[in-house]
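First up is the structure itself, then whatever we jot down about it.
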Amino acid sequence: MLSTEFVTGSPNWLDVAAPDIDASAAFYTAVFGWTVQSAGPDAGGYGFFQKDGRTLAAIGPLGGDGAEAAWSVYFNSPDADSTARSVTQHGGAVRVAPMDVMDAGRMACFTDPQGADFAVWQPASVRGLETASESGTLCWAELHTGDGAGALAFYRALFGWRFQELPAPGMTYTVLSTGEGDQQDASFGGVAPVQDGEGARWLPYFAVDDADAVVAAVQGNGGSVVMPATDAPDIGRMAQLADPFGARFAVIRPAPPQE
C-alpha cells in the first residue's frame, strides 16, 4: 500500500477538477467526512481535502475549454523538466508544461501513449500528501489501459517502476512497485484492462471501513455507481464510483492481513 515516504515514481499528490468546486467539495465531505481548507485567495479556488488536519487530496477548477471533471494522480519526480522530455521521447504528450506552483513545488501534466492522463509533482516546500493508506485516504492507484505492455514500458522508462503479474479471474493483474526498496513493500498500484467502451485512465482507490455504506452515501448525494461493491478474495470489498460531475474513483475495504 501507499505511504508518505516518497521516492521517484511514488504517487505523491492527488486532486479532482470540478466545474462547481463548492458542490463537489460538499459531495466528498458528505461521503467521506473530509474537511476542506482553502489554499488562499491567490490559488484560484484550489483547496485541500483534509482528515484530522492532514492533507489527503485536493480540489480545483477545470483546466480549460473541453476539460471534464476527473481525478488526477501525481507521481513524485526529482526533475519535472527531465520527466517532460522523457514523456515526449517515449510517445506521450505534455498537456501542461512544467511550472512552478509558488514555492510549493513544480508540476507538469501529461498523457501517456495509450491515452491516460497523469501528472508529476517535484516537491519543494510541499512534499506531497500528508496521509495515505488509512481509512478515508488514498491507498492504491490503478491504471486502466488497452495496451498493458506498452504502458508498462512507457512508465518504466519514466520512473523505473517494477512489475509483478498476478492471476485474477478472467485476466492477469499487474502490480506496480517503485524502483527502490523491497518490491512488495514498495507496491502502490496496478494495471488492469479497460472495460468495453471505456477510455484509458488512472483510478484512485480510497480505503474505507465499509464499502457498502460509502456506495449508499455516494448514491444519496448525487453520485453514481460504476461497479457495485464486490468481494475480491484476499484483497477486500471494493466498488467503482463517480461523483455528481462524473469524476471516477474507487473505494476498498481491505481484507485483513493473512497470518
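Naming works like this for the C-alpha cells: A, B, ... for the chains as they're shown, residue 1 at the start of each chain, ligands 1 onward in shown order.
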
Original post:
What lies within 12 Å of Ser133 (chain A) using only C-alpha atoms, ignoring chain neighbours under 5 positions off, as a count of residues only?
Top reply: 23

Residues of region 28-113 of chain A at most 12 Å from region 230-241 of chain A: nearest atom pair and distance in Å, only C-alpha atoms, as a tab-separated table:
residue	atom	partner	partner_atom	distance
A:Tyr28	CA	A:Leu241	CA	11.9
A:Val31	CA	A:Leu241	CA	11.4
A:Ala70	CA	A:Leu241	CA	11.9
A:Trp71	CA	A:Leu241	CA	11.8

Original post:
Among region 18-242 of chain A, which residues carry a DSSP assignment of strand (DSSP E), reported as a PyMOL selection string?
Top reply: chain A and resi 18+35-38+47-51+54-61+70-76+93-101+105-111+117-123+138-145+162-168+171-177+187-193+201-207+224-232+236-242

**OP:** Write out as a PyMOL selection string each polymer residue whose atoms come within 7 Å of region 219-225 of chain A, counting only C-alpha atoms; drop sequence neighbours fewer than 4 positions from it.
**Re:** chain A and resi 27+215+240-244

Could you turn the residues from that selection into a file that holds C-alpha atoms, as an mmCIF file, in the first residue's frame?
data_model
loop_
_atom_site.group_PDB
_atom_site.id
_atom_site.type_symbol
_atom_site.label_atom_id
_atom_site.label_comp_id
_atom_site.auth_asym_id
_atom_site.auth_seq_id
_atom_site.Cartn_x
_atom_site.Cartn_y
_atom_site.Cartn_z
ATOM 1 C CA PHE A 27 -20.233 15.776 -2.025
ATOM 2 C CA VAL A 215 -21.793 3.298 -2.037
ATOM 3 C CA GLN A 240 -16.045 1.935 -8.503
ATOM 4 C CA LEU A 241 -17.966 5.177 -8.272
ATOM 5 C CA ALA A 242 -18.403 8.618 -9.814
ATOM 6 C CA ASP A 243 -19.151 11.973 -8.244
ATOM 7 C CA PRO A 244 -22.107 14.099 -9.456
#

Subject >> Which residue of A:Gln183, A:Ser72, A:Ser125, A:Thr55 approaches Asp15 (chain A) most closely, using only C-alpha atoms >> reply: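 Answer, going by the shortest atom-to-atom distance: A:Ser72.
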
Original post:
Closest to Ala250 (chain A) among A:Asp147, A:Glu142, A:Asp112, A:Glu134, using only C-alpha atoms?
Top reply: A:Glu142

Subject >> region 76-81 of chain A environment, 10 Å, only C-alpha atoms, sequence neighbours closer than 5 positions dropped, as number ranges by chain >> reply: A: 6-13, 86-87, 97-100, 105-109, 119-124, 127-128, 158-159

**OP:** Name the residues of region 58-257 of chain A that fall into helix (DSSP H, G or I) according to DSSP on the backbone, using the chain letters and numbers of this document, as an NGL selection string.
**Re:** :A and (80-89 or 148-159 or 211-220)

**OP:** Enter the distance from CA of Pro257 (chain A) to CA of Asp212 (chain A), in Å, rounded to one decimal.
**Re:** 20.4 Å

Original post:
Leaving out Gly33 (chain A) and any residue of its chain fewer than 2 positions from it, which residues lie within 12 Å of it when counting only C-alpha atoms, given as number ranges by chain?
Top reply: A: 25-31, 35-36, 49-52, 135-137, 208, 214, 217

Original post:
Any idea what's packed within 10 Å of Arg85 (chain A), counting only C-alpha atoms, ignoring anything in its chain fewer than 6 positions away? Could you give it as JSON, numbers by chain?
Top reply: {"A": [92, 93, 94, 158]}

Using only all heavy atoms, please write the residues we just selected to a file, as an mmCIF file, in the first residue's frame.
data_model
loop_
_atom_site.group_PDB
_atom_site.id
_atom_site.type_symbol
_atom_site.label_atom_id
_atom_site.label_comp_id
_atom_site.auth_asym_id
_atom_site.auth_seq_id
_atom_site.Cartn_x
_atom_site.Cartn_y
_atom_site.Cartn_z
ATOM 1 N N GLY A 92 4.553 9.901 -25.290
ATOM 2 C CA GLY A 92 3.475 10.568 -24.576
ATOM 3 C C GLY A 92 3.348 12.015 -25.003
ATOM 4 O O GLY A 92 4.064 12.502 -25.881
ATOM 5 N N ALA A 93 2.415 12.729 -24.372
ATOM 6 C CA ALA A 93 2.167 14.125 -24.710
ATOM 7 C C ALA A 93 2.188 14.978 -23.451
ATOM 8 O O ALA A 93 1.781 14.532 -22.374
ATOM 9 C CB ALA A 93 0.818 14.279 -25.407
ATOM 10 N N VAL A 94 2.674 16.212 -23.591
ATOM 11 C CA VAL A 94 2.696 17.176 -22.498
ATOM 12 C C VAL A 94 1.435 18.039 -22.597
ATOM 13 O O VAL A 94 1.256 18.767 -23.573
ATOM 14 C CB VAL A 94 3.952 18.060 -22.550
ATOM 15 C CG1 VAL A 94 3.916 19.112 -21.439
ATOM 16 C CG2 VAL A 94 5.205 17.200 -22.434
ATOM 17 N N LEU A 158 10.063 6.165 -17.607
ATOM 18 C CA LEU A 158 9.936 7.426 -16.863
ATOM 19 C C LEU A 158 10.422 7.296 -15.418
ATOM 20 O O LEU A 158 11.164 8.159 -14.925
ATOM 21 C CB LEU A 158 8.471 7.874 -16.856
ATOM 22 C CG LEU A 158 8.047 8.925 -17.877
ATOM 23 C CD1 LEU A 158 8.310 8.464 -19.294
ATOM 24 C CD2 LEU A 158 6.566 9.262 -17.697
#

Subject >> Length of the CA of Ala192 (chain A) to CA of His90 (chain A) vector [Å] >> reply: 21.0 Å

Subject >> Pairwise distance for CA of Gly53 (chain A) and CA of Glu180 (chain A), rounded to one decimal in Å >> reply: 29.5 Å

**OP:** For each of A:Ala58, A:Ala43, A:Ala69, A:Ala157, take the minimum atom-to-atom distance to Thr83 (chain A), counting only C-alpha atoms, then give the residue where this is smallest.
**Re:** A:Ala157
